[in-house]
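Q: The structure file model.tsv (TSV, C-alpha atoms and all ligand atoms) is provided below.
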```tsv
chain	number	residue	atom	x	y	z
A	20	MET	CA	153.24	146.34	-70.09
A	21	ASN	CA	155.32	143.58	-68.59
A	22	ASN	CA	153.36	142.31	-65.60
A	23	ILE	CA	155.51	139.25	-64.92
A	24	ILE	CA	157.43	139.31	-61.64
A	25	ASN	CA	160.98	138.18	-62.30
A	26	GLY	CA	161.90	136.18	-59.19
A	27	THR	CA	165.20	135.02	-60.66
A	28	GLU	CA	166.32	138.62	-61.18
A	29	ILE	CA	165.19	139.79	-57.72
A	30	ALA	CA	166.85	136.77	-56.09
A	31	LYS	CA	170.14	137.63	-57.82
A	32	ILE	CA	169.91	141.28	-56.71
A	33	ILE	CA	169.34	140.23	-53.08
A	34	LYS	CA	172.12	137.62	-53.21
A	35	ASP	CA	174.49	140.29	-54.50
A	36	GLU	CA	173.46	142.60	-51.63
A	37	ILE	CA	174.17	139.78	-49.15
A	38	LYS	CA	177.46	138.95	-50.86
A	39	GLU	CA	178.59	142.55	-50.53
A	40	LYS	CA	177.70	142.68	-46.83
A	41	ILE	CA	179.53	139.41	-46.18
A	42	SER	CA	182.61	140.56	-48.09
A	43	LYS	CA	182.91	143.42	-45.58
A	44	ILE	CA	182.98	141.06	-42.58
A	45	GLN	CA	186.48	140.88	-41.14
A	46	GLY	CA	187.58	137.49	-39.84
A	47	LYS	CA	185.34	134.45	-39.69
A	48	LYS	CA	182.49	134.40	-42.22
A	49	PRO	CA	178.94	133.19	-41.40
A	50	CYS	CA	178.61	129.42	-41.38
A	51	LEU	CA	175.57	127.26	-42.17
A	52	ALA	CA	175.35	123.62	-41.07
A	53	VAL	CA	173.03	121.54	-43.24
A	54	VAL	CA	171.94	118.13	-41.96
A	55	ILE	CA	170.51	115.63	-44.42
A	56	VAL	CA	169.28	112.18	-43.41
A	57	GLY	CA	168.94	109.39	-45.97
A	58	ASP	CA	169.09	109.53	-49.74
A	59	ASP	CA	165.90	111.23	-50.92
A	60	ASP	CA	166.83	112.53	-54.39
A	61	ALA	CA	164.87	115.80	-54.15
A	62	SER	CA	166.44	116.60	-50.77
A	63	HIS	CA	169.93	116.04	-52.17
A	64	ILE	CA	169.18	118.42	-55.06
A	65	TYR	CA	167.90	121.09	-52.62
A	66	VAL	CA	171.00	120.73	-50.46
A	67	LYS	CA	173.27	121.00	-53.49
A	68	ASN	CA	171.51	124.23	-54.52
A	69	LYS	CA	171.79	125.59	-50.98
A	70	ASN	CA	175.53	124.89	-50.96
A	71	LYS	CA	175.89	126.61	-54.33
A	72	ALA	CA	174.08	129.71	-53.01
A	73	CYS	CA	176.28	129.71	-49.87
A	74	GLU	CA	179.37	129.61	-52.02
A	75	TYR	CA	178.07	132.49	-54.16
A	76	VAL	CA	177.37	134.84	-51.24
A	77	GLY	CA	180.41	133.80	-49.19
A	78	ILE	CA	178.75	131.73	-46.46
A	79	LYS	CA	180.73	128.70	-45.29
A	80	SER	CA	178.56	125.61	-45.55
A	81	ASP	CA	179.12	122.30	-43.76
A	82	THR	CA	176.89	119.45	-44.87
A	83	TYR	CA	176.30	116.42	-42.64
A	84	PHE	CA	175.15	113.41	-44.66
A	85	LEU	CA	173.61	110.93	-42.24
A	86	ASN	CA	172.60	107.34	-42.85
A	87	THR	CA	168.84	106.76	-43.08
A	88	ASN	CA	169.12	104.32	-40.12
A	89	ILE	CA	170.44	106.93	-37.70
A	90	THR	CA	168.44	107.01	-34.44
A	91	GLU	CA	166.50	110.08	-33.36
A	92	GLN	CA	168.81	110.40	-30.33
A	93	GLU	CA	171.92	110.39	-32.53
A	94	LEU	CA	170.42	113.15	-34.66
A	95	LEU	CA	169.47	115.15	-31.54
A	96	ASN	CA	173.04	114.73	-30.24
A	97	LEU	CA	174.45	116.16	-33.49
A	98	ILE	CA	172.08	119.17	-33.26
A	99	GLU	CA	173.14	119.70	-29.65
A	100	LYS	CA	176.77	119.72	-30.78
A	101	LEU	CA	176.01	122.24	-33.54
A	102	ASN	CA	173.98	124.40	-31.11
A	103	ASN	CA	177.06	124.59	-28.86
A	104	ASP	CA	179.52	125.24	-31.66
A	105	SER	CA	180.13	129.00	-31.77
A	106	ASP	CA	181.55	128.68	-35.31
A	107	VAL	CA	178.12	127.53	-36.58
A	108	ASN	CA	175.61	130.36	-37.07
A	109	GLY	CA	172.75	128.58	-38.81
A	110	ILE	CA	171.40	125.04	-38.60
A	111	LEU	CA	169.10	123.56	-41.21
A	112	VAL	CA	167.73	120.04	-41.05
A	113	GLN	CA	166.50	119.03	-44.49
A	114	LEU	CA	162.93	117.73	-44.42
A	115	PRO	CA	161.33	115.24	-44.79
A	116	LEU	CA	163.01	112.98	-42.21
A	117	PRO	CA	162.65	109.18	-42.21
A	118	SER	CA	159.41	108.08	-40.51
A	119	HIS	CA	161.15	106.67	-37.37
A	120	ILE	CA	162.35	110.18	-36.47
A	121	ASN	CA	159.94	112.65	-34.87
A	122	GLU	CA	160.25	115.84	-36.91
A	123	LYS	CA	158.80	117.98	-34.11
A	124	ASN	CA	161.44	116.83	-31.59
A	125	VAL	CA	164.19	117.62	-34.08
A	126	LEU	CA	162.93	121.11	-34.95
A	127	LEU	CA	162.43	121.89	-31.25
A	128	LYS	CA	166.04	120.93	-30.53
A	129	ILE	CA	167.53	123.56	-32.84
A	130	ASP	CA	168.68	126.69	-31.02
A	131	PRO	CA	166.03	129.31	-32.06
A	132	LEU	CA	168.80	131.83	-32.74
A	133	LYS	CA	170.33	129.39	-35.25
A	134	ASP	CA	166.96	128.36	-36.73
A	135	VAL	CA	167.50	129.77	-40.24
A	136	ASP	CA	164.39	127.97	-41.54
A	137	GLY	CA	162.26	129.91	-39.04
A	138	PHE	CA	160.29	126.75	-38.12
A	139	HIS	CA	160.99	126.71	-34.36
A	140	PRO	CA	157.90	127.55	-32.25
A	141	TYR	CA	159.90	130.40	-30.68
A	142	ASN	CA	160.34	132.04	-34.09
A	143	ILE	CA	156.73	131.31	-35.09
A	144	GLY	CA	155.62	132.95	-31.82
A	145	MET	CA	157.85	135.95	-32.50
A	146	LEU	CA	156.25	136.23	-35.95
A	147	SER	CA	152.76	136.05	-34.46
A	148	THR	CA	153.56	138.96	-32.18
A	149	ASN	CA	155.21	140.93	-35.01
A	150	ASN	CA	158.66	140.64	-33.45
A	151	ALA	CA	160.25	138.10	-35.77
A	152	ILE	CA	163.91	138.18	-36.67
A	153	LEU	CA	164.28	134.76	-38.32
A	154	LYS	CA	161.23	134.19	-40.57
A	155	SER	CA	160.45	131.17	-42.72
A	156	CYS	CA	162.03	131.50	-46.11
A	157	THR	CA	159.32	130.87	-48.73
A	158	PRO	CA	156.74	133.24	-47.17
A	159	SER	CA	159.33	135.96	-46.63
A	160	GLY	CA	160.37	135.47	-50.26
A	161	CYS	CA	156.77	136.24	-51.32
A	162	ILE	CA	156.65	139.41	-49.21
A	163	GLU	CA	160.05	140.49	-50.52
A	164	LEU	CA	158.86	140.09	-54.14
A	165	LEU	CA	155.83	142.30	-53.42
A	166	LYS	CA	158.02	144.95	-51.83
A	167	ARG	CA	160.64	144.91	-54.58
A	168	TYR	CA	157.83	145.52	-57.10
A	169	ASP	CA	156.59	148.45	-54.98
A	170	VAL	CA	153.28	146.79	-54.16
A	171	LYS	CA	151.59	148.66	-51.32
A	172	ILE	CA	150.37	145.89	-49.01
A	173	LYS	CA	148.94	148.17	-46.31
A	174	GLY	CA	145.14	148.20	-46.33
A	175	LYS	CA	144.85	145.69	-49.18
A	176	ASN	CA	142.54	142.66	-49.08
A	177	ALA	CA	145.01	139.78	-49.16
A	178	LEU	CA	143.85	136.20	-49.62
A	179	VAL	CA	146.18	133.32	-48.82
A	180	ILE	CA	145.00	129.95	-50.13
A	181	GLY	CA	146.72	127.21	-48.09
A	182	ARG	CA	147.48	127.04	-44.37
A	183	SER	CA	150.53	124.79	-44.05
A	184	ASN	CA	153.00	125.50	-41.25
A	185	ILE	CA	155.79	126.20	-43.73
A	186	VAL	CA	153.95	128.51	-46.15
A	187	GLY	CA	150.29	129.50	-45.68
A	188	ARG	CA	150.17	130.20	-41.94
A	189	PRO	CA	153.39	132.22	-41.63
A	190	LEU	CA	152.51	134.06	-44.84
A	191	SER	CA	149.11	135.12	-43.46
A	192	MET	CA	150.88	136.38	-40.35
A	193	MET	CA	153.46	138.30	-42.39
A	194	LEU	CA	150.75	139.97	-44.50
A	195	LEU	CA	148.91	140.94	-41.31
A	196	ASN	CA	152.17	142.41	-39.97
A	197	GLU	CA	152.32	144.45	-43.20
A	198	ASP	CA	148.84	145.86	-42.38
A	199	ALA	CA	146.89	143.90	-45.00
A	200	THR	CA	143.38	142.67	-44.23
A	201	VAL	CA	144.05	138.95	-44.44
A	202	THR	CA	141.84	135.97	-45.22
A	203	THR	CA	143.23	132.45	-45.09
A	204	ALA	CA	141.46	129.80	-47.14
A	205	HIS	CA	141.86	126.01	-47.03
A	206	THR	CA	140.01	122.83	-48.01
A	207	LYS	CA	137.10	123.53	-45.62
A	208	THR	CA	136.57	127.08	-46.92
A	209	LYS	CA	133.09	127.66	-48.35
A	210	ASN	CA	132.50	129.77	-51.44
A	211	LEU	CA	136.17	130.33	-52.23
A	212	GLU	CA	135.26	132.03	-55.48
A	213	TYR	CA	133.51	134.81	-53.57
A	214	LEU	CA	136.77	135.43	-51.67
A	215	THR	CA	139.05	135.28	-54.71
A	216	LYS	CA	136.88	137.87	-56.48
A	217	GLN	CA	137.19	140.33	-53.55
A	218	ALA	CA	140.96	140.00	-53.14
A	219	ASP	CA	143.52	142.64	-54.21
A	220	ILE	CA	146.40	140.23	-53.59
A	221	ILE	CA	146.08	136.43	-53.85
A	222	ILE	CA	148.85	134.06	-52.81
A	223	VAL	CA	148.23	130.42	-53.63
A	224	ALA	CA	150.18	127.65	-51.84
A	225	ILE	CA	148.19	124.44	-52.14
A	226	GLY	CA	150.00	122.09	-54.51
A	227	VAL	CA	147.13	121.75	-57.02
A	228	ALA	CA	148.21	122.37	-60.62
A	229	ASN	CA	146.58	125.41	-62.30
A	230	PHE	CA	143.92	125.66	-59.58
A	231	LEU	CA	143.17	129.41	-59.71
A	232	LYS	CA	141.41	130.29	-62.97
A	233	THR	CA	140.72	133.57	-64.76
A	234	HIS	CA	136.98	133.58	-63.98
A	235	MET	CA	137.77	133.49	-60.22
A	236	ILE	CA	139.71	136.77	-60.06
A	237	LYS	CA	139.04	140.47	-60.52
A	238	ASP	CA	140.88	142.77	-62.90
A	239	ASN	CA	144.28	144.10	-61.78
A	240	VAL	CA	144.69	141.62	-58.94
A	241	ILE	CA	148.26	140.79	-57.83
A	242	LEU	CA	148.99	137.07	-57.98
A	243	ILE	CA	151.77	135.17	-56.23
A	244	ASP	CA	152.11	131.49	-57.04
A	245	VAL	CA	153.97	129.32	-54.51
A	246	GLY	CA	152.88	126.00	-56.02
A	247	MET	CA	155.33	123.64	-57.67
A	248	ASN	CA	153.53	120.89	-59.54
A	249	ARG	CA	154.00	118.66	-62.53
A	250	ASP	CA	151.32	118.77	-65.22
A	251	ASN	CA	152.03	116.16	-67.91
A	252	GLY	CA	155.66	116.28	-66.81
A	253	LYS	CA	155.84	120.08	-67.14
A	254	LEU	CA	156.58	122.22	-64.07
A	255	CYS	CA	153.64	124.50	-63.25
A	256	GLY	CA	152.16	126.44	-60.36
A	257	ASP	CA	148.82	126.57	-58.56
A	258	ILE	CA	147.68	129.48	-60.74
A	259	ASP	CA	146.57	128.99	-64.32
A	260	PHE	CA	148.97	131.29	-66.14
A	261	SER	CA	146.18	132.64	-68.37
A	262	CYS	CA	145.31	134.73	-65.27
A	263	SER	CA	148.21	136.96	-66.38
A	264	GLU	CA	145.76	138.54	-68.86
A	265	LYS	CA	143.76	140.02	-65.97
A	266	ALA	CA	146.40	140.44	-63.26
A	267	SER	CA	148.44	143.60	-62.79
A	268	LEU	CA	151.34	141.46	-61.53
A	269	ILE	CA	151.91	137.71	-61.50
A	270	THR	CA	154.76	135.35	-60.62
A	271	PRO	CA	155.59	132.65	-63.17
A	272	VAL	CA	156.49	129.05	-62.31
A	273	PRO	CA	159.39	128.46	-62.62
A	274	GLY	CA	161.22	131.75	-62.06
A	275	GLY	CA	158.90	133.38	-59.52
A	276	VAL	CA	158.81	132.44	-55.83
A	277	GLY	CA	161.12	129.41	-56.26
A	278	PRO	CA	164.46	131.25	-56.52
A	279	MET	CA	163.52	133.45	-53.55
A	280	THR	CA	163.40	130.63	-50.98
A	281	ILE	CA	167.12	129.85	-50.92
A	282	THR	CA	167.90	133.56	-51.18
A	283	MET	CA	165.90	134.26	-48.01
A	284	LEU	CA	167.76	131.38	-46.36
A	285	MET	CA	171.02	133.18	-47.15
A	286	LYS	CA	169.54	136.36	-45.67
A	287	ASN	CA	168.56	134.47	-42.50
A	288	CYS	CA	172.10	133.04	-42.17
A	289	LEU	CA	173.56	136.52	-42.28
A	290	THR	CA	170.95	137.73	-39.76
A	291	ALA	CA	171.70	134.79	-37.43
A	292	TYR	CA	175.42	135.61	-37.67
A	293	LYS	CA	174.70	139.23	-36.77
A	294	ILE	CA	172.50	138.27	-33.79
A	295	GLN	CA	175.17	135.92	-32.46
A	296	ASN	CA	177.85	138.57	-32.84
A	297	ASN	CA	175.72	141.35	-31.31
A	298	LEU	CA	175.60	143.23	-34.60
A	299	VAL	CA	171.79	143.79	-34.60
B	301	LIG	P1	150.77	121.29	-47.88
B	301	LIG	O1	151.51	121.14	-46.61
B	301	LIG	O2	150.31	120.09	-48.62
B	301	LIG	O3	149.50	122.23	-47.60
B	301	LIG	C1	148.58	122.48	-48.60
B	301	LIG	C2	147.56	123.46	-48.08
B	301	LIG	O4	146.68	123.76	-49.14
B	301	LIG	C3	146.70	122.91	-46.94
B	301	LIG	O5	146.50	123.91	-45.98
B	301	LIG	C4	145.39	122.53	-47.63
B	301	LIG	O6	144.25	122.73	-46.81
B	301	LIG	C5	145.34	123.54	-48.76
B	301	LIG	N1	144.62	123.04	-49.92
B	301	LIG	C6	144.88	121.94	-50.65
B	301	LIG	N2	143.98	121.81	-51.66
B	301	LIG	C7	143.14	122.87	-51.55
B	301	LIG	C8	142.02	123.31	-52.29
B	301	LIG	N3	141.57	122.62	-53.35
B	301	LIG	N4	141.38	124.44	-51.90
B	301	LIG	C9	141.83	125.16	-50.84
B	301	LIG	N5	142.89	124.78	-50.10
B	301	LIG	C10	143.54	123.66	-50.46
B	301	LIG	O7	151.62	122.13	-48.95
B	301	LIG	P2	152.80	123.21	-48.76
B	301	LIG	O8	153.98	122.56	-48.20
B	301	LIG	O9	152.26	124.45	-48.13
B	301	LIG	O10	153.11	123.51	-50.30
B	301	LIG	C11	152.14	124.05	-51.17
B	301	LIG	C12	152.71	124.16	-52.56
B	301	LIG	O11	153.83	125.05	-52.52
B	301	LIG	C13	153.28	122.86	-53.12
B	301	LIG	O12	153.08	122.83	-54.53
B	301	LIG	C14	154.76	122.93	-52.83
B	301	LIG	O13	155.54	122.17	-53.73
B	301	LIG	C15	154.99	124.40	-53.01
B	301	LIG	N6	156.15	124.92	-52.27
B	301	LIG	C16	157.03	125.69	-52.97
B	301	LIG	C17	158.11	126.24	-52.32
B	301	LIG	C18	159.05	127.10	-53.08
B	301	LIG	O14	160.17	127.33	-52.66
B	301	LIG	N7	158.63	127.64	-54.23
B	301	LIG	C19	158.33	126.01	-50.96
B	301	LIG	C20	157.38	125.25	-50.26
B	301	LIG	C21	156.28	124.72	-50.93
B	301	LIG	P3	143.94	121.89	-45.47
B	301	LIG	O15	144.82	122.49	-44.43
B	301	LIG	O16	142.50	122.12	-45.22
B	301	LIG	O17	144.30	120.45	-45.79
```
Using C-alpha cells, write down the structure from this file.
A:
Amino acid sequence: MNNIINGTEIAKIIKDEIKEKISKIQGKKPCLAVVIVGDDDASHIYVKNKNKACEYVGIKSDTYFLNTNITEQELLNLIEKLNNDSDVNGILVQLPLPSHINEKNVLLKIDPLKDVDGFHPYNIGMLSTNNAILKSCTPSGCIELLKRYDVKIKGKNALVIGRSNIVGRPLSMMLLNEDATVTTAHTKTKNLEYLTKQADIIIVAIGVANFLKTHMIKDNVILIDVGMNRDNGKLCGDIDFSCSEKASLITPVPGGVGPMTITMLMKNCLTAYKIQNNLV
C-alpha cells in the first residue's frame, strides 16, 4: 500500500481549483502585494516562487523590492499605502526583516483583512476562538493534507511537536478546532517519548533533522513532517523517513508539506479578495 502523502499532487489540485474560481471572476482579478526588504537569497527564492504561483492561478502580483537600509517608518508608510489601496487584496511582508526593523510593528500595521499570512494578532485571535477566515499558511496546509487523504481528525490524539508562532501554535489551535485532543510539545516537555507513543497523529515542526525515530511511535500513526533541514547537504525533514514502515500515512520531505504553503497563500489571497468584495 502506498502510504506516502503526495503534497505536490494535492497542491496542484488545489491550485487548479483556485485557478478555475479566479477565471470566473469578471473584471479586476485578486492582487497580492509582496514586500521584500534587503537581499537575503532564500527570501528572494521564496518570493520568486510566490510570484510563479500567482501567475499560475491568475492572481496579479506586485513585488516591492526595498533597500536593506530602509527605515521602519518608510516601511510602515508603504504598508499604510497598500492598506488604503482598494486594488490590493493581500499584503505579504517577507520575513526575516533586517534587525533595525521591529517585525511586530510591521505585522501589526497590515490591515487584518489583507493579512494573507494570517500572522496579525486579530487573525490569531479569530483562530483561537474558532472564527478564523485568514489562517497561517503552513499549518492550514497540514490540515488540508489530512483532509484530502480522508483522515478523520475528530476525537484523535494529536501531538504537535514545536510551538512557534508561525507553525506549532496555530497548528495546535487548528487541530483543536477540528475536534482533536491536542498536546503541544516543546523543548521543556518531559518524557516526549511517552507522548509520541500515545499519539494517533504526530506533526513535527522543530527544525531538527530526522528527530522522530521509529522506536518513538506506535503502529499506524499518521505523520506530518513540517521540518526543512539539511543533513550532509541533503534536504530532509524532522521525521526519520524509516518511520514510514510503521506509519499508515507520512509526508515526505521534499514533496509533502512544502508545496502546500504557497498554495494556501493563494487560497488566502482569493479569500481576502472575496471578503473585500462582500462575496463571503
Ligand atoms: P522555530 O521558530 O525555530 O521553532 C521551533 C520549535 O520547535 C520551538 O517551539 C522549539 O521549542 C521546538 N523544538 C526545537 N527543538 C526541539 C526538541 N528537540 N524537542 C522538542 N521541541 C523542540 O521553527 P519554525 O519556524 O516553527 O520551523 C520549524 C521547522 O519547520 C523548520 O525546519 C522550518 O524550516 C520548517 N518550516 C517549513 C515550512 C514549510 O513551508 N514547509 C514553513 C515554516 C517552517 P521551544 O519553544 O521550547 O524553543
Q: Near A:Asp238, counting all atoms listed in the file, which residues have an atom at most 10 Å away, once you skip same-chain residues fewer than 5 positions from it, shown as number ranges by chain?
A: A: 216, 219, 233, 262-267
Q: Could you list, as a PyMOL selection string, all the residues within 6 Å of ligand LIG 301 (chain B), counting only C-alpha atoms and all ligand atoms?
A: chain A and resi 157+180-183+185-187+204-207+224-226+245-248+276-277+280
Q: Skip stretch 82-85 of chain A itself and residues of its chain fewer than 3 positions away, then list as a list in words all residues within 8 Å of it, counting only C-alpha atoms.
A: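 These residues fall inside the cut-off: Ala52, Val53, Val54, Ile55, Val56, Gly57 and Ile89 of chain A.
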Q: Please provide the set of residues having any atom within 12 Å of A:Leu116, restricted to all atoms listed in the file, with same-chain residues fewer than 4 positions apart removed, written as a list of chain:residue names.
A: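 So the residues in contact are A:Val54, A:Ile55, A:Val56, A:Gly57, A:Asp58, A:Asp59, A:Ser62, A:Leu85, A:Asn86, A:Thr87, A:Asn88, A:Ile89, A:Thr90, A:Glu91, A:Leu94, A:Val112, A:Ile120, A:Asn121, A:Glu122, A:Lys123, A:Asn124, A:Val125, A:Leu126.
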Q: Which of these, A:Gln113, A:Asn239, A:Asn108, A:Asn149, has the shortest distance to A:Asp130 once you count only C-alpha atoms?
A: A:Asn108
Q: Atom CA of A:Thr203 and atom CA of A:Gly160 are how many Å apart?
A: 18.2 Å
Q: Just how far from atom CA of A:Val66 is atom CA of A:Arg167, in Å to one decimal?
A: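 Separating atom CA of A:Arg167 from atom CA of A:Val66 is a distance of 26.6 Å.
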Q: Can you tell me which residues surround A:Leu242 at a distance of at most 7 Å, considering only C-alpha atoms, apart from same-chain residues fewer than 3 positions away, and format the answer as a PDB file with C-alpha atoms, keeping the file's coordinate frame?
A:
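Writing the result to around-v5.pdb gives the following:
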```pdb
ATOM      1  CA  ILE A 220     146.400 140.230 -53.590  1.00  0.00           C
ATOM      2  CA  ILE A 221     146.080 136.430 -53.850  1.00  0.00           C
ATOM      3  CA  ILE A 222     148.850 134.060 -52.810  1.00  0.00           C
ATOM      4  CA  ALA A 266     146.400 140.440 -63.260  1.00  0.00           C
ATOM      5  CA  LEU A 268     151.340 141.460 -61.530  1.00  0.00           C
ATOM      6  CA  ILE A 269     151.910 137.710 -61.500  1.00  0.00           C
ATOM      7  CA  THR A 270     154.760 135.350 -60.620  1.00  0.00           C
TER       8      THR A 270
END
```
Q: Fewer than 2 positions away in the same chain doesn't count, so skip those; otherwise give me all residues within 10 Å of A:Pro140, counting only C-alpha atoms, as a list of chain:residue names.
A: A:Lys123, A:Leu126, A:Leu127, A:Pro131, A:Gly137, A:Phe138, A:Asn142, A:Ile143, A:Gly144, A:Met145, A:Leu146
Q: A:Met193, A:Ile98, A:Ile37, A:Val107: which is nearest A:Ser80, counting all atoms listed in the file?
A: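 Closest to A:Ser80 of all the choices is A:Val107.
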Q: Just stretch 174-183 of chain A from the block, all heavy atoms, as a PDB file, in the first residue's frame, could you?
A:
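part-v6.pdb, freshly written:
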```pdb
ATOM      1  N   GLY A 174     -11.688  13.571  17.489  1.00  0.00           N
ATOM      2  CA  GLY A 174     -11.523  12.554  18.535  1.00  0.00           C
ATOM      3  C   GLY A 174     -10.143  11.911  18.592  1.00  0.00           C
ATOM      4  O   GLY A 174      -9.860  11.128  19.501  1.00  0.00           O
ATOM      5  N   LYS A 175      -9.279  12.246  17.628  1.00  0.00           N
ATOM      6  CA  LYS A 175      -7.944  11.625  17.604  1.00  0.00           C
ATOM      7  C   LYS A 175      -7.014  12.303  18.611  1.00  0.00           C
ATOM      8  O   LYS A 175      -7.171  13.489  18.924  1.00  0.00           O
ATOM      9  CB  LYS A 175      -7.323  11.752  16.200  1.00  0.00           C
ATOM     10  CG  LYS A 175      -8.033  10.961  15.137  1.00  0.00           C
ATOM     11  CD  LYS A 175      -7.559   9.518  15.104  1.00  0.00           C
ATOM     12  CE  LYS A 175      -8.500   8.595  14.364  1.00  0.00           C
ATOM     13  NZ  LYS A 175      -8.684   8.926  12.957  1.00  0.00           N
ATOM     14  N   ASN A 176      -6.034  11.549  19.100  1.00  0.00           N
ATOM     15  CA  ASN A 176      -4.973  12.155  19.921  1.00  0.00           C
ATOM     16  C   ASN A 176      -3.930  12.724  18.974  1.00  0.00           C
ATOM     17  O   ASN A 176      -3.244  11.976  18.279  1.00  0.00           O
ATOM     18  CB  ASN A 176      -4.294  11.097  20.798  1.00  0.00           C
ATOM     19  CG  ASN A 176      -5.192  10.663  21.931  1.00  0.00           C
ATOM     20  OD1 ASN A 176      -6.000  11.447  22.431  1.00  0.00           O
ATOM     21  ND2 ASN A 176      -5.066   9.421  22.348  1.00  0.00           N
ATOM     22  N   ALA A 177      -3.866  14.058  18.916  1.00  0.00           N
ATOM     23  CA  ALA A 177      -2.914  14.707  18.002  1.00  0.00           C
ATOM     24  C   ALA A 177      -1.793  15.339  18.818  1.00  0.00           C
ATOM     25  O   ALA A 177      -2.048  16.043  19.797  1.00  0.00           O
ATOM     26  CB  ALA A 177      -3.626  15.767  17.174  1.00  0.00           C
ATOM     27  N   LEU A 178      -0.576  15.061  18.425  1.00  0.00           N
ATOM     28  CA  LEU A 178       0.587  15.647  19.101  1.00  0.00           C
ATOM     29  C   LEU A 178       1.298  16.567  18.121  1.00  0.00           C
ATOM     30  O   LEU A 178       1.660  16.154  17.016  1.00  0.00           O
ATOM     31  CB  LEU A 178       1.539  14.527  19.555  1.00  0.00           C
ATOM     32  CG  LEU A 178       2.893  14.978  20.100  1.00  0.00           C
ATOM     33  CD1 LEU A 178       2.735  15.754  21.417  1.00  0.00           C
ATOM     34  CD2 LEU A 178       3.821  13.770  20.326  1.00  0.00           C
ATOM     35  N   VAL A 179       1.463  17.824  18.535  1.00  0.00           N
ATOM     36  CA  VAL A 179       2.243  18.771  17.732  1.00  0.00           C
ATOM     37  C   VAL A 179       3.567  18.985  18.456  1.00  0.00           C
ATOM     38  O   VAL A 179       3.575  19.367  19.630  1.00  0.00           O
ATOM     39  CB  VAL A 179       1.502  20.132  17.588  1.00  0.00           C
ATOM     40  CG1 VAL A 179       2.333  21.116  16.782  1.00  0.00           C
ATOM     41  CG2 VAL A 179       0.140  19.933  16.928  1.00  0.00           C
ATOM     42  N   ILE A 180       4.673  18.722  17.787  1.00  0.00           N
ATOM     43  CA  ILE A 180       5.974  18.978  18.409  1.00  0.00           C
ATOM     44  C   ILE A 180       6.507  20.262  17.788  1.00  0.00           C
ATOM     45  O   ILE A 180       6.732  20.336  16.582  1.00  0.00           O
ATOM     46  CB  ILE A 180       6.965  17.800  18.223  1.00  0.00           C
ATOM     47  CG1 ILE A 180       6.276  16.465  18.541  1.00  0.00           C
ATOM     48  CG2 ILE A 180       8.190  17.998  19.115  1.00  0.00           C
ATOM     49  CD1 ILE A 180       7.182  15.244  18.416  1.00  0.00           C
ATOM     50  N   GLY A 181       6.672  21.301  18.634  1.00  0.00           N
ATOM     51  CA  GLY A 181       7.033  22.650  18.169  1.00  0.00           C
ATOM     52  C   GLY A 181       5.912  23.613  18.517  1.00  0.00           C
ATOM     53  O   GLY A 181       4.731  23.240  18.418  1.00  0.00           O
ATOM     54  N   ARG A 182       6.280  24.815  18.960  1.00  0.00           N
ATOM     55  CA  ARG A 182       5.248  25.794  19.358  1.00  0.00           C
ATOM     56  C   ARG A 182       5.569  27.194  18.829  1.00  0.00           C
ATOM     57  O   ARG A 182       5.313  28.201  19.500  1.00  0.00           O
ATOM     58  CB  ARG A 182       5.113  25.826  20.881  1.00  0.00           C
ATOM     59  CG  ARG A 182       6.421  26.156  21.588  1.00  0.00           C
ATOM     60  CD  ARG A 182       6.271  26.375  23.066  1.00  0.00           C
ATOM     61  NE  ARG A 182       7.576  26.415  23.712  1.00  0.00           N
ATOM     62  CZ  ARG A 182       7.753  26.603  25.002  1.00  0.00           C
ATOM     63  NH1 ARG A 182       6.716  26.758  25.794  1.00  0.00           N
ATOM     64  NH2 ARG A 182       8.973  26.625  25.503  1.00  0.00           N
ATOM     65  N   SER A 183       6.158  27.259  17.626  1.00  0.00           N
ATOM     66  CA  SER A 183       6.460  28.581  17.068  1.00  0.00           C
ATOM     67  C   SER A 183       5.164  29.279  16.692  1.00  0.00           C
ATOM     68  O   SER A 183       4.133  28.627  16.474  1.00  0.00           O
ATOM     69  CB  SER A 183       7.356  28.457  15.836  1.00  0.00           C
ATOM     70  OG  SER A 183       6.615  27.924  14.754  1.00  0.00           O
TER      71      SER A 183
END
```
